[in-house]
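Visitor: Provided herewith: work_8.pdb, PDB, C-alpha atoms and all ligand atoms.
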ATOM      1  CA  ALA A   1     110.838 209.648 102.663
ATOM      2  CA  THR A   2     112.579 209.281  99.298
ATOM      3  CA  TRP A   3     113.118 205.729  98.090
ATOM      4  CA  LYS A   4     115.490 204.617  95.358
ATOM      5  CA  TYR A   5     114.251 202.142  92.785
ATOM      6  CA  ALA A   6     116.567 200.722  90.099
ATOM      7  CA  PHE A   7     115.464 198.466  87.260
ATOM      8  CA  GLY A   8     117.087 196.538  84.445
ATOM      9  CA  GLU A   9     115.418 198.215  81.469
ATOM     10  CA  GLY A  10     114.528 201.587  79.972
ATOM     11  CA  THR A  11     111.573 203.675  81.116
ATOM     12  CA  SER A  12     109.209 202.626  78.298
ATOM     13  CA  ASP A  13     110.094 198.903  78.559
ATOM     14  CA  PRO A  14     107.990 196.519  80.694
ATOM     15  CA  GLN A  15     110.120 196.929  83.844
ATOM     16  CA  GLY A  16     110.010 200.695  83.359
ATOM     17  CA  ILE A  17     106.230 200.656  82.960
ATOM     18  CA  TYR A  18     105.957 198.649  86.169
ATOM     19  CA  ALA A  19     108.327 201.006  87.997
ATOM     20  CA  THR A  20     106.464 204.090  86.753
ATOM     21  CA  ALA A  21     103.102 202.667  87.864
ATOM     22  CA  PHE A  22     104.619 201.755  91.243
ATOM     23  CA  LYS A  23     106.023 205.265  91.657
ATOM     24  CA  SER A  24     102.728 206.973  90.744
ATOM     25  CA  PHE A  25     100.790 204.830  93.185
ATOM     26  CA  ILE A  26     103.193 205.601  96.037
ATOM     27  CA  GLU A  27     103.348 209.315  95.258
ATOM     28  CA  ASP A  28      99.580 209.669  94.715
ATOM     29  CA  ASN A  29      98.770 207.922  97.964
ATOM     30  CA  SER A  30     101.436 209.163 100.364
ATOM     31  CA  ARG A  31     104.091 211.798 100.899
ATOM     32  CA  ASN A  32     106.842 209.362  99.991
ATOM     33  CA  LYS A  33     108.823 209.933  96.810
ATOM     34  CA  ILE A  34     110.413 207.402  94.482
ATOM     35  CA  GLU A  35     113.558 208.102  92.461
ATOM     36  CA  LEU A  36     113.777 205.825  89.435
ATOM     37  CA  TYR A  37     117.110 204.624  88.031
ATOM     38  CA  LYS A  38     117.002 202.857  84.680
ATOM     39  CA  VAL A  39     119.626 200.289  83.720
ATOM     40  CA  GLY A  40     123.059 201.729  83.106
ATOM     41  CA  SER A  41     122.617 204.717  85.404
ATOM     42  CA  LEU A  42     123.971 202.814  88.408
ATOM     43  CA  GLY A  43     125.871 200.092  86.600
ATOM     44  CA  GLU A  44     124.842 196.754  85.136
ATOM     45  CA  GLU A  45     122.122 194.563  86.604
ATOM     46  CA  THR A  46     124.485 192.453  88.683
ATOM     47  CA  ASP A  47     125.740 195.637  90.384
ATOM     48  CA  MET A  48     122.175 196.721  91.121
ATOM     49  CA  MET A  49     121.447 193.431  92.891
ATOM     50  CA  GLU A  50     124.458 193.965  95.182
ATOM     51  CA  GLN A  51     123.454 197.571  95.842
ATOM     52  CA  THR A  52     119.942 196.483  96.830
ATOM     53  CA  ARG A  53     121.164 193.737  99.118
ATOM     54  CA  ALA A  54     123.530 196.245 100.730
ATOM     55  CA  GLY A  55     120.640 198.656 101.308
ATOM     56  CA  LEU A  56     121.991 201.417  99.022
ATOM     57  CA  LEU A  57     118.900 200.904  96.873
ATOM     58  CA  HIS A  58     115.430 200.300  98.302
ATOM     59  CA  PHE A  59     113.767 198.610  95.323
ATOM     60  CA  LEU A  60     115.083 196.463  92.492
ATOM     61  CA  GLY A  61     113.444 195.443  89.222
ATOM     62  CA  GLN A  62     115.441 192.658  87.659
ATOM     63  CA  SER A  63     115.232 189.951  85.005
ATOM     64  CA  THR A  64     115.042 186.517  86.571
ATOM     65  CA  GLY A  65     117.779 185.485  84.113
ATOM     66  CA  TYR A  66     120.310 187.538  86.100
ATOM     67  CA  MET A  67     119.407 186.114  89.496
ATOM     68  CA  GLY A  68     120.231 182.401  89.469
ATOM     69  CA  GLY A  69     123.818 183.047  90.517
ATOM     70  CA  THR A  70     122.697 184.806  93.712
ATOM     71  CA  ILE A  71     119.393 183.030  94.358
ATOM     72  CA  PRO A  72     119.735 179.577  92.759
ATOM     73  CA  GLU A  73     116.001 178.825  93.046
ATOM     74  CA  MET A  74     115.222 181.741  90.696
ATOM     75  CA  ASP A  75     116.752 179.723  87.886
ATOM     76  CA  ILE A  76     113.515 177.704  87.843
ATOM     77  CA  PHE A  77     112.304 180.403  85.423
ATOM     78  CA  THR A  78     115.162 179.700  83.018
ATOM     79  CA  VAL A  79     114.979 175.898  82.992
ATOM     80  CA  PRO A  80     114.046 175.076  79.368
ATOM     81  CA  TYR A  81     110.617 173.749  78.442
ATOM     82  CA  VAL A  82     109.111 174.342  81.883
ATOM     83  CA  MET A  83     107.240 177.644  81.549
ATOM     84  CA  PRO A  84     104.205 177.610  79.233
ATOM     85  CA  THR A  85     104.051 179.970  76.269
ATOM     86  CA  ASP A  86     100.266 180.363  76.506
ATOM     87  CA  THR A  87      99.596 183.794  78.001
ATOM     88  CA  LYS A  88      96.384 182.791  79.826
ATOM     89  CA  GLN A  89      98.200 179.947  81.536
ATOM     90  CA  LEU A  90     101.012 182.293  82.454
ATOM     91  CA  ASP A  91      98.612 184.794  83.998
ATOM     92  CA  TYR A  92      96.910 182.064  85.982
ATOM     93  CA  PHE A  93     100.264 180.707  87.033
ATOM     94  CA  PHE A  94     101.649 184.010  88.318
ATOM     95  CA  LYS A  95      98.447 184.773  90.178
ATOM     96  CA  ASN A  96      98.013 181.391  91.847
ATOM     97  CA  SER A  97     101.418 179.734  91.960
ATOM     98  CA  LYS A  98     102.579 178.485  95.330
ATOM     99  CA  VAL A  99     106.178 178.736  94.144
ATOM    100  CA  VAL A 100     105.811 182.435  93.334
ATOM    101  CA  ASN A 101     103.520 183.467  96.168
ATOM    102  CA  GLU A 102     104.696 181.318  99.071
ATOM    103  CA  MET A 103     107.994 179.552  98.522
ATOM    104  CA  LEU A 104     110.118 182.196  96.794
ATOM    105  CA  PRO A 105     109.263 185.021  99.242
ATOM    106  CA  THR A 106     110.721 182.903 102.082
ATOM    107  CA  ILE A 107     113.814 182.133 100.010
ATOM    108  CA  PHE A 108     114.266 185.845  99.202
ATOM    109  CA  HIS A 109     114.286 186.645 102.918
ATOM    110  CA  LYS A 110     117.408 184.520 103.316
ATOM    111  CA  HIS A 111     119.113 186.769 100.761
ATOM    112  CA  GLY A 112     118.061 189.989 102.470
ATOM    113  CA  LEU A 113     115.258 190.742 100.002
ATOM    114  CA  GLU A 114     111.482 191.095 100.147
ATOM    115  CA  LEU A 115     109.903 189.734  96.945
ATOM    116  CA  LEU A 116     107.079 191.928  95.636
ATOM    117  CA  SER A 117     106.268 190.678  92.126
ATOM    118  CA  ILE A 118     107.263 188.385  89.321
ATOM    119  CA  PHE A 119     105.764 189.048  85.911
ATOM    120  CA  PRO A 120     106.187 187.761  82.350
ATOM    121  CA  GLU A 121     107.450 190.008  79.535
ATOM    122  CA  GLY A 122     107.119 187.651  76.588
ATOM    123  CA  GLU A 123     108.169 184.397  75.027
ATOM    124  CA  MET A 124     111.906 184.011  74.487
ATOM    125  CA  ALA A 125     112.809 184.361  70.829
ATOM    126  CA  VAL A 126     116.250 183.401  69.572
ATOM    127  CA  THR A 127     117.870 185.698  67.026
ATOM    128  CA  THR A 128     120.766 184.450  64.910
ATOM    129  CA  PHE A 129     122.599 185.138  61.651
ATOM    130  CA  GLU A 130     121.759 181.694  60.305
ATOM    131  CA  GLU A 131     118.631 179.582  60.463
ATOM    132  CA  PHE A 132     118.646 176.623  62.846
ATOM    133  CA  HIS A 133     116.239 173.725  63.240
ATOM    134  CA  SER A 134     118.193 171.312  65.417
ATOM    135  CA  PRO A 135     120.914 171.220  68.069
ATOM    136  CA  GLU A 136     123.169 170.010  65.270
ATOM    137  CA  ASP A 137     122.690 173.371  63.507
ATOM    138  CA  LEU A 138     123.704 175.219  66.689
ATOM    139  CA  LYS A 139     126.986 173.376  66.997
ATOM    140  CA  GLY A 140     129.823 175.778  67.761
ATOM    141  CA  LYS A 141     127.506 178.806  67.635
ATOM    142  CA  LYS A 142     128.364 181.398  70.249
ATOM    143  CA  MET A 143     125.082 182.330  71.895
ATOM    144  CA  ARG A 144     124.912 185.259  74.303
ATOM    145  CA  VAL A 145     122.998 184.532  77.510
ATOM    146  CA  MET A 146     122.287 186.773  80.476
ATOM    147  CA  PRO A 147     125.100 186.577  83.031
ATOM    148  CA  GLY A 148     124.676 185.045  86.455
ATOM    149  CA  SER A 149     122.493 182.087  85.552
ATOM    150  CA  PRO A 150     124.171 178.674  85.610
ATOM    151  CA  ILE A 151     121.043 177.150  84.061
ATOM    152  CA  LEU A 152     121.149 179.400  80.982
ATOM    153  CA  VAL A 153     124.693 178.219  80.314
ATOM    154  CA  GLU A 154     123.674 174.588  80.805
ATOM    155  CA  THR A 155     120.675 175.093  78.508
ATOM    156  CA  TYR A 156     122.623 176.392  75.537
ATOM    157  CA  LYS A 157     125.269 173.724  76.045
ATOM    158  CA  ALA A 158     122.535 171.086  76.014
ATOM    159  CA  PHE A 159     121.167 172.698  72.838
ATOM    160  CA  GLY A 160     124.537 172.164  71.168
ATOM    161  CA  ALA A 161     125.753 175.788  71.245
ATOM    162  CA  SER A 162     128.583 177.563  73.030
ATOM    163  CA  PRO A 163     126.955 179.904  75.583
ATOM    164  CA  GLN A 164     128.540 183.334  76.208
ATOM    165  CA  PRO A 165     127.274 185.027  79.381
ATOM    166  CA  MET A 166     127.480 188.805  79.104
ATOM    167  CA  SER A 167     125.648 191.877  80.366
ATOM    168  CA  TRP A 168     123.073 193.622  78.230
ATOM    169  CA  GLY A 169     125.423 196.580  77.886
ATOM    170  CA  ASP A 170     127.892 194.482  75.881
ATOM    171  CA  LEU A 171     125.451 192.635  73.639
ATOM    172  CA  VAL A 172     124.871 195.124  70.822
ATOM    173  CA  GLY A 173     128.630 195.539  70.295
ATOM    174  CA  ALA A 174     129.137 191.779  70.412
ATOM    175  CA  LEU A 175     126.514 191.276  67.684
ATOM    176  CA  LYS A 176     127.973 194.071  65.547
ATOM    177  CA  THR A 177     131.483 192.675  65.677
ATOM    178  CA  GLY A 178     130.378 189.065  65.264
ATOM    179  CA  MET A 179     131.740 188.155  68.685
ATOM    180  CA  VAL A 180     128.513 186.213  69.170
ATOM    181  CA  ASP A 181     126.333 184.357  66.661
ATOM    182  CA  GLY A 182     123.035 184.984  68.395
ATOM    183  CA  GLN A 183     121.098 185.720  71.549
ATOM    184  CA  GLU A 184     117.672 185.273  73.161
ATOM    185  CA  ASN A 185     115.176 187.880  74.361
ATOM    186  CA  PRO A 186     111.435 188.556  74.198
ATOM    187  CA  THR A 187     110.149 190.034  70.927
ATOM    188  CA  VAL A 188     109.203 193.333  72.578
ATOM    189  CA  TRP A 189     112.851 193.874  73.515
ATOM    190  CA  ILE A 190     114.275 192.648  70.201
ATOM    191  CA  GLU A 191     112.171 195.235  68.408
ATOM    192  CA  ALA A 192     112.748 198.071  70.876
ATOM    193  CA  TYR A 193     116.540 197.744  70.709
ATOM    194  CA  GLY A 194     116.810 196.875  67.012
ATOM    195  CA  LEU A 195     118.263 193.415  67.550
ATOM    196  CA  ASP A 196     116.361 192.356  64.422
ATOM    197  CA  ASP A 197     118.468 194.792  62.398
ATOM    198  CA  LEU A 198     121.604 193.195  63.822
ATOM    199  CA  THR A 199     120.665 189.582  62.970
ATOM    200  CA  LYS A 200     118.972 187.721  60.128
ATOM    201  CA  VAL A 201     116.576 185.213  61.681
ATOM    202  CA  LEU A 202     114.225 185.099  64.656
ATOM    203  CA  THR A 203     113.221 181.663  65.918
ATOM    204  CA  TYR A 204     110.458 180.638  68.302
ATOM    205  CA  THR A 205     111.677 177.463  69.968
ATOM    206  CA  GLY A 206     109.067 177.418  72.753
ATOM    207  CA  HIS A 207     111.773 176.715  75.343
ATOM    208  CA  GLY A 208     111.378 179.709  77.562
ATOM    209  CA  HIS A 209     109.705 182.838  78.749
ATOM    210  CA  PHE A 210     111.295 186.083  79.864
ATOM    211  CA  ASN A 211     110.308 187.129  83.386
ATOM    212  CA  ALA A 212     111.108 190.060  85.587
ATOM    213  CA  SER A 213     111.021 190.352  89.363
ATOM    214  CA  VAL A 214     110.616 193.251  91.740
ATOM    215  CA  SER A 215     111.932 193.163  95.284
ATOM    216  CA  ALA A 216     112.837 195.445  98.167
ATOM    217  CA  ASN A 217     115.747 195.463 100.564
ATOM    218  CA  LYS A 218     114.423 193.426 103.476
ATOM    219  CA  LYS A 219     115.823 195.514 106.336
ATOM    220  CA  PHE A 220     114.331 198.626 104.787
ATOM    221  CA  TYR A 221     110.990 196.899 104.233
ATOM    222  CA  ASP A 222     110.884 195.438 107.748
ATOM    223  CA  GLY A 223     111.568 198.883 109.171
ATOM    224  CA  LEU A 224     108.601 200.503 107.425
ATOM    225  CA  SER A 225     105.483 201.472 109.369
ATOM    226  CA  LYS A 226     102.445 199.226 109.005
ATOM    227  CA  ARG A 227     100.899 201.878 106.823
ATOM    228  CA  ASP A 228     103.895 202.129 104.491
ATOM    229  CA  LYS A 229     104.143 198.348 104.204
ATOM    230  CA  LYS A 230     100.526 198.274 103.096
ATOM    231  CA  LEU A 231     101.218 201.122 100.671
ATOM    232  CA  VAL A 232     104.161 199.232  99.129
ATOM    233  CA  GLN A 233     102.093 196.054  98.788
ATOM    234  CA  GLU A 234      99.216 197.944  97.185
ATOM    235  CA  ALA A 235     101.577 199.765  94.829
ATOM    236  CA  ALA A 236     103.082 196.420  93.799
ATOM    237  CA  GLU A 237      99.624 194.998  93.174
ATOM    238  CA  PHE A 238      98.637 198.026  91.114
ATOM    239  CA  ALA A 239     101.840 197.948  89.053
ATOM    240  CA  HIS A 240     101.521 194.191  88.565
ATOM    241  CA  LYS A 241      98.012 194.539  87.159
ATOM    242  CA  THR A 242      99.168 197.360  84.903
ATOM    243  CA  ILE A 243     102.043 195.377  83.457
ATOM    244  CA  LEU A 244     100.047 192.172  82.949
ATOM    245  CA  GLN A 245      97.668 194.139  80.751
ATOM    246  CA  GLU A 246     100.458 195.921  78.873
ATOM    247  CA  ALA A 247     103.206 193.329  78.445
ATOM    248  CA  GLN A 248     101.335 190.922  76.172
ATOM    249  CA  LYS A 249     100.137 193.753  73.969
ATOM    250  CA  LEU A 250     103.643 195.197  73.758
ATOM    251  CA  ASP A 251     105.178 191.855  72.852
ATOM    252  CA  ALA A 252     102.665 191.238  70.052
ATOM    253  CA  TYR A 253     103.112 194.838  68.875
ATOM    254  CA  GLY A 254     106.875 194.247  68.744
ATOM    255  CA  LEU A 255     106.449 191.300  66.399
ATOM    256  CA  GLY A 256     104.030 193.278  64.218
ATOM    257  CA  ARG A 257     106.533 196.105  63.904
ATOM    258  CA  ILE A 258     109.397 193.773  63.012
ATOM    259  CA  VAL A 259     107.305 192.183  60.265
ATOM    260  CA  ARG A 260     106.280 195.603  58.903
ATOM    261  CA  THR A 261     109.580 197.443  59.136
ATOM    262  CA  ASN A 262     111.957 194.586  58.352
ATOM    263  CA  PRO A 263     110.266 192.522  55.609
ATOM    264  CA  ASN A 264     113.412 190.533  54.780
ATOM    265  CA  TYR A 265     113.834 189.369  58.343
ATOM    266  CA  LYS A 266     113.147 185.663  58.550
ATOM    267  CA  ILE A 267     110.776 184.464  61.280
ATOM    268  CA  VAL A 268     110.803 180.758  62.042
ATOM    269  CA  THR A 269     108.604 178.788  64.411
ATOM    270  CA  LEU A 270     110.103 175.387  65.105
ATOM    271  CA  THR A 271     107.699 172.533  64.349
ATOM    272  CA  GLU A 272     106.557 170.147  67.063
ATOM    273  CA  ASP A 273     108.912 167.506  65.680
ATOM    274  CA  GLU A 274     111.849 169.900  65.751
ATOM    275  CA  ARG A 275     110.937 170.945  69.298
ATOM    276  CA  LYS A 276     110.867 167.324  70.393
ATOM    277  CA  VAL A 277     114.619 167.057  69.840
ATOM    278  CA  PHE A 278     115.277 170.189  71.923
ATOM    279  CA  LYS A 279     112.860 168.997  74.629
ATOM    280  CA  GLU A 280     114.767 165.725  74.856
ATOM    281  CA  LYS A 281     118.010 167.700  75.419
ATOM    282  CA  ALA A 282     116.260 169.892  77.993
ATOM    283  CA  LYS A 283     115.574 166.952  80.307
ATOM    284  CA  ALA A 284     119.184 166.856  81.521
ATOM    285  CA  VAL A 285     118.976 170.567  82.420
ATOM    286  CA  GLN A 286     115.694 170.064  84.285
ATOM    287  CA  GLU A 287     117.308 167.235  86.259
ATOM    288  CA  SER A 288     120.442 169.265  86.868
ATOM    289  CA  PHE A 289     118.402 172.142  88.337
ATOM    290  CA  ALA A 290     116.551 169.797  90.682
ATOM    291  CA  SER A 291     119.732 168.021  91.776
ATOM    292  CA  LYS A 292     121.555 171.190  92.849
ATOM    293  CA  SER A 293     119.877 171.326  96.289
ATOM    294  CA  ASP A 294     116.913 170.103  98.309
ATOM    295  CA  SER A 295     115.403 173.523  97.977
ATOM    296  CA  ASN A 296     115.678 173.443  94.166
ATOM    297  CA  LYS A 297     114.097 170.007  94.157
ATOM    298  CA  LYS A 298     111.147 171.211  96.222
ATOM    299  CA  ILE A 299     110.713 174.210  93.937
ATOM    300  CA  MET A 300     110.727 172.006  90.836
ATOM    301  CA  THR A 301     108.174 169.588  92.293
ATOM    302  CA  GLN A 302     105.818 172.389  93.314
ATOM    303  CA  MET A 303     106.370 174.184  89.991
ATOM    304  CA  MET A 304     105.079 171.124  88.124
ATOM    305  CA  LYS A 305     101.957 171.122  90.325
ATOM    306  CA  ASP A 306     101.433 174.867  89.842
ATOM    307  CA  LEU A 307     101.784 174.582  86.070
ATOM    308  CA  ASP A 308      99.454 171.623  85.976
ATOM    309  CA  GLN A 309      96.831 173.702  87.787
ATOM    310  CA  ALA A 310      97.398 176.574  85.371
ATOM    311  CA  GLU A 311      96.917 174.287  82.394
ATOM    312  CA  LYS A 312      93.692 172.884  83.822
ATOM    313  CA  ASN A 313      92.166 176.125  85.044
ATOM    314  CA  ALA A 314      93.353 178.899  82.717
ATOM    315  CA  LYS A 315      90.590 180.265  80.540
TER     316      LYS A 315
HETATM  317  O1  LIG B   1     119.006 190.681  77.587
HETATM  318  C1  LIG B   1     119.052 191.378  78.591
HETATM  319  O2  LIG B   1     120.018 191.375  79.325
HETATM  320  C2  LIG B   1     117.896 192.303  78.889
HETATM  321  N1  LIG B   1     116.671 191.827  78.330
HETATM  322  C3  LIG B   1     115.505 192.285  78.721
HETATM  323  C4  LIG B   1     114.257 191.899  78.054
HETATM  324  N2  LIG B   1     115.398 193.080  79.795
HETATM  325  C5  LIG B   1     116.517 193.499  80.548
HETATM  326  C6  LIG B   1     117.713 192.583  80.361
HETATM  327  O3  LIG B   1     118.834 193.190  80.840
END
Could you rewrite the structure in this file as structure tokens?
Ligand code: 6CS
Guide:
Amino acid sequence: ATWKYAFGEGTSDPQGIYATAFKSFIEDNSRNKIELYKVGSLGEETDMMEQTRAGLLHFLGQSTGYMGGTIPEMDIFTVPYVMPTDTKQLDYFFKNSKVVNEMLPTIFHKHGLELLSIFPEGEMAVTTFEEFHSPEDLKGKKMRVMPGSPILVETYKAFGASPQPMSWGDLVGALKTGMVDGQENPTVWIEAYGLDDLTKVLTYTGHGHFNASVSANKKFYDGLSKRDKKLVQEAAEFAHKTILQEAQKLDAYGLGRIVRTNPNYKIVTLTEDERKVFKEKAKAVQESFASKSDSNKKIMTQMMKDLDQAEKNAK
């Protein structure tokens, strides 16, 4: 059979690398074929989610930052100052987390999706025209956030800014025309799409990590033969391993290239004291996430346990 797989990035970006590895595994090990659709070819990411739930697409690669509107529990990945920035802890977390491996798959079923993978792409970096060191500095600043995540909006409000949800497709224009004063994305992406050339400062706040998910339409998945189900699971495992090895390298490479090719670009890492102020503001967002539903609350509680384990055991 031929299966359609859409993802929210370009072919050489992390989600594209995952999708390409997934496709090769399937095609090398069966007679099935995968047609890949990069972002833009079938509409924006929010459209792709609807198309997958409707069964028009079989597989979906999507940033977790686009999913909170449809699957509220997915916003756990956008709650500020929850995810670690340490890559070893992240790897341990994604491999062993009960939230990722047990709780979210059940929640996805309720939305007509079969969750296959969640993987990190890099630490969130904030790019702006002006330096900022406190929520005070962000006052009135229009910050673009990914659309469809209530928590991203709450986060930037808590940080003092004025959040502007918009699709990726509109961001470059918005930066060029000064419609927004900044945005957040992992360094790999900032470099790949020249967002450093469109802004003046890149700031590491430590508040978040960019993650991507891969899922399948559930009806389609449930209808597969035992053999094909196993094939899909093995392909996901293979692609996951591939991207975990690549993503961290790519992100670090992105920063290296920015430093080399854009020497006047200012790179700021907020100090622990500066972060403390943002962390204080983040508490209200963490509480807000947990108070939205019983399910969110359970996810948050288990997330803290999972992250604690990751901190203790990651080497
Ligand atoms: O900012 C965005 O919307 C995009 N950022 C990344 C890293 N991947 C895809 C997403 O659409």
Visitor: Running the PyMOL selection byres (((chain A and resi 56-59) around 7) and not hetatm) on this model by hand, what would come out? Give it as a count of residues only.
Guide: 14
Visitor: Return as CSV the residues of chain A lying at most 9 Å from ligand LIG 1 (chain B), together with the closest atom-to-atom pair for each and the distance in Å to one decimal, counting all atoms listed in the file, with rows in chain order and ascending residue number.
Guide:
residue,atom,partner,partner_atom,distance
A:Phe7,CA,B:LIG1,C5,8.4
A:Gly8,CA,B:LIG1,C5,5.0
A:Glu9,CA,B:LIG1,C5,4.9
A:Gly10,CA,B:LIG1,C5,8.3
A:Asp13,CA,B:LIG1,N2,8.0
A:Pro14,CA,B:LIG1,N2,8.2
A:Gln15,CA,B:LIG1,N2,7.7
A:Val39,CA,B:LIG1,O3,7.7
A:Glu44,CA,B:LIG1,O3,8.2
A:Glu45,CA,B:LIG1,O3,6.8
A:Gln62,CA,B:LIG1,C5,7.2
A:Ser63,CA,B:LIG1,C5,5.8
A:Gly65,CA,B:LIG1,O2,7.9
A:Tyr66,CA,B:LIG1,O2,7.8
A:Glu121,CA,B:LIG1,C4,7.2
A:Gly122,CA,B:LIG1,C4,8.4
A:Met124,CA,B:LIG1,C4,9.0
A:Arg144,CA,B:LIG1,O1,8.7
A:Val145,CA,B:LIG1,O1,7.3
A:Met146,CA,B:LIG1,O2,5.3
A:Pro147,CA,B:LIG1,O2,7.9
A:Met166,CA,B:LIG1,O2,7.9
A:Ser167,CA,B:LIG1,O2,5.7
A:Trp168,CA,B:LIG1,O2,3.9
A:Gly169,CA,B:LIG1,O2,7.6
A:Leu171,CA,B:LIG1,O1,7.8
A:Gln183,CA,B:LIG1,O1,8.1
A:Glu184,CA,B:LIG1,O1,7.1
A:Asn185,CA,B:LIG1,C4,5.5
A:Pro186,CA,B:LIG1,C4,5.8
A:Thr187,CA,B:LIG1,C4,8.4
A:Val188,CA,B:LIG1,C4,7.6
A:Trp189,CA,B:LIG1,C4,5.1
A:Ile190,CA,B:LIG1,C4,7.9
A:Phe210,CA,B:LIG1,C4,6.8
A:Asn211,CA,B:LIG1,C4,8.2
A:Ala212,CA,B:LIG1,N2,7.8
Visitor: Given the file shown, enumerate the residues that the PyMOL selection byres (((chain A and resi 76-84) around 9) and not hetatm) captures and present them as a compact mmCIF listing (two decimals) with C-alpha atoms, in the coordinates of the input.
Guide:
# COMPACT_ATOMS: atom_id res chain seq x y z
CA THR A 64 115.04 186.52 86.57
CA GLY A 65 117.78 185.48 84.11
CA GLY A 68 120.23 182.40 89.47
CA PRO A 72 119.74 179.58 92.76
CA GLU A 73 116.00 178.82 93.05
CA MET A 74 115.22 181.74 90.70
CA ASP A 75 116.75 179.72 87.89
CA THR A 85 104.05 179.97 76.27
CA ASP A 86 100.27 180.36 76.51
CA THR A 87 99.60 183.79 78.00
CA GLN A 89 98.20 179.95 81.54
CA LEU A 90 101.01 182.29 82.45
CA GLU A 123 108.17 184.40 75.03
CA SER A 149 122.49 182.09 85.55
CA ILE A 151 121.04 177.15 84.06
CA LEU A 152 121.15 179.40 80.98
CA THR A 155 120.68 175.09 78.51
CA GLY A 206 109.07 177.42 72.75
CA HIS A 207 111.77 176.72 75.34
CA GLY A 208 111.38 179.71 77.56
CA HIS A 209 109.70 182.84 78.75
CA PHE A 210 111.30 186.08 79.86
CA ASN A 211 110.31 187.13 83.39
CA PHE A 278 115.28 170.19 71.92
CA LYS A 279 112.86 169.00 74.63
CA ALA A 282 116.26 169.89 77.99
CA LYS A 283 115.57 166.95 80.31
CA VAL A 285 118.98 170.57 82.42
CA GLN A 286 115.69 170.06 84.28
CA PHE A 289 118.40 172.14 88.34
CA ALA A 290 116.55 169.80 90.68
CA ASN A 296 115.68 173.44 94.17
CA ILE A 299 110.71 174.21 93.94
CA MET A 300 110.73 172.01 90.84
CA MET A 303 106.37 174.18 89.99
CA MET A 304 105.08 171.12 88.12
CA LEU A 307 101.78 174.58 86.07
CA GLU A 311 96.92 174.29 82.39
Visitor: Identify which of the residues A:Ala19, A:Ala284, A:Val172, A:Met103 lies closest to Tyr193 of chain A, counting all atoms listed in the file when measuring atom-to-atom distances.
Guide: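 Checking each of A:Ala19, A:Ala284, A:Val172, A:Met103 against Tyr193 of chain A, counting all atoms listed in the file, the winner is A:Val172.
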Visitor: In Å, how far is it from atom CA of Lys139 of chain A to atom CA of Pro263 of chain A?
Guide: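 The value is 27.9 Å.
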Visitor: Given the file shown, enumerate the residues that the PyMOL selection byres (((chain A and resi 106-108) around 12) and not hetatm) captures and present them as number ranges by chain.
Guide: A: 53, 67-68, 70-74, 98-105, 109-117, 213-218, 295-296, 298-299
Visitor: Could you write out that same residue set with C-alpha atoms as a short mmCIF file (atom, residue, chain, number, x, y, z; two decimals), in the frame of the given file?
Guide:
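Okay, selection-v8.cif is ready:
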data_model
loop_
_atom_site.label_atom_id
_atom_site.label_comp_id
_atom_site.auth_asym_id
_atom_site.auth_seq_id
_atom_site.Cartn_x
_atom_site.Cartn_y
_atom_site.Cartn_z
CA ARG A 53 121.16 193.74 99.12
CA MET A 67 119.41 186.11 89.50
CA GLY A 68 120.23 182.40 89.47
CA THR A 70 122.70 184.81 93.71
CA ILE A 71 119.39 183.03 94.36
CA PRO A 72 119.74 179.58 92.76
CA GLU A 73 116.00 178.82 93.05
CA MET A 74 115.22 181.74 90.70
CA LYS A 98 102.58 178.48 95.33
CA VAL A 99 106.18 178.74 94.14
CA VAL A 100 105.81 182.44 93.33
CA ASN A 101 103.52 183.47 96.17
CA GLU A 102 104.70 181.32 99.07
CA MET A 103 107.99 179.55 98.52
CA LEU A 104 110.12 182.20 96.79
CA PRO A 105 109.26 185.02 99.24
CA HIS A 109 114.29 186.64 102.92
CA LYS A 110 117.41 184.52 103.32
CA HIS A 111 119.11 186.77 100.76
CA GLY A 112 118.06 189.99 102.47
CA LEU A 113 115.26 190.74 100.00
CA GLU A 114 111.48 191.10 100.15
CA LEU A 115 109.90 189.73 96.94
CA LEU A 116 107.08 191.93 95.64
CA SER A 117 106.27 190.68 92.13
CA SER A 213 111.02 190.35 89.36
CA VAL A 214 110.62 193.25 91.74
CA SER A 215 111.93 193.16 95.28
CA ALA A 216 112.84 195.44 98.17
CA ASN A 217 115.75 195.46 100.56
CA LYS A 218 114.42 193.43 103.48
CA SER A 295 115.40 173.52 97.98
CA ASN A 296 115.68 173.44 94.17
CA LYS A 298 111.15 171.21 96.22
CA ILE A 299 110.71 174.21 93.94
#
Visitor: So what do you get for atom CA of Leu224 of chain A versus atom CA of Lys241 of chain A, distance-wise?
Guide: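 Atom CA of Leu224 of chain A sits 23.6 Å away from atom CA of Lys241 of chain A.
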Visitor: How big is the axis-aligned box, and where does its centre sit, when it encloses all atoms of segment 32-50 of chain A listed in the file and has 4 Å added on every side, reported in Å to one decimal as lines of an AutoDock Vina configuration file?
Guide:
center_x = 116.4
center_y = 201.2
center_z = 91.5
size_x = 27.0
size_y = 25.5
size_z = 24.9
Visitor: For each of A:Glu154, A:Gly43, A:Glu50, A:Ile243, take the minimum atom-to-atom distance to Ser288 of chain A, counting all atoms listed in the file, then give the residue where this is smallest.
Guide: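 Residue with the minimum atom-to-atom distance to Ser288 of chain A: A:Glu154.
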Visitor: In the coordinate frame of the file, compute which residues have an atom within 9 Å of (98.6, 189.4, 82.7) when using all atoms listed in the file, and state them as a PyMOL selection string.
Guide: chain A and resi 87-88+90-92+94-95+119-120+240-248
Visitor: If we count only C-alpha atoms, what is near Phe25 of chain A at a cut-off of 12 Å, once residues fewer than 5 positions away on the same chain are taken out, given as an MDAnalysis selection string?
Guide: chainID A and resid 18:20 30:34 230:240 242
Visitor: If I take atom CA of Asp197 of chain A and atom CA of Val259 of chain A, how far is one from the other in Å, to one decimal?
Guide: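 Straight-line distance from atom CA of Asp197 of chain A to atom CA of Val259 of chain A works out to 11.7 Å.
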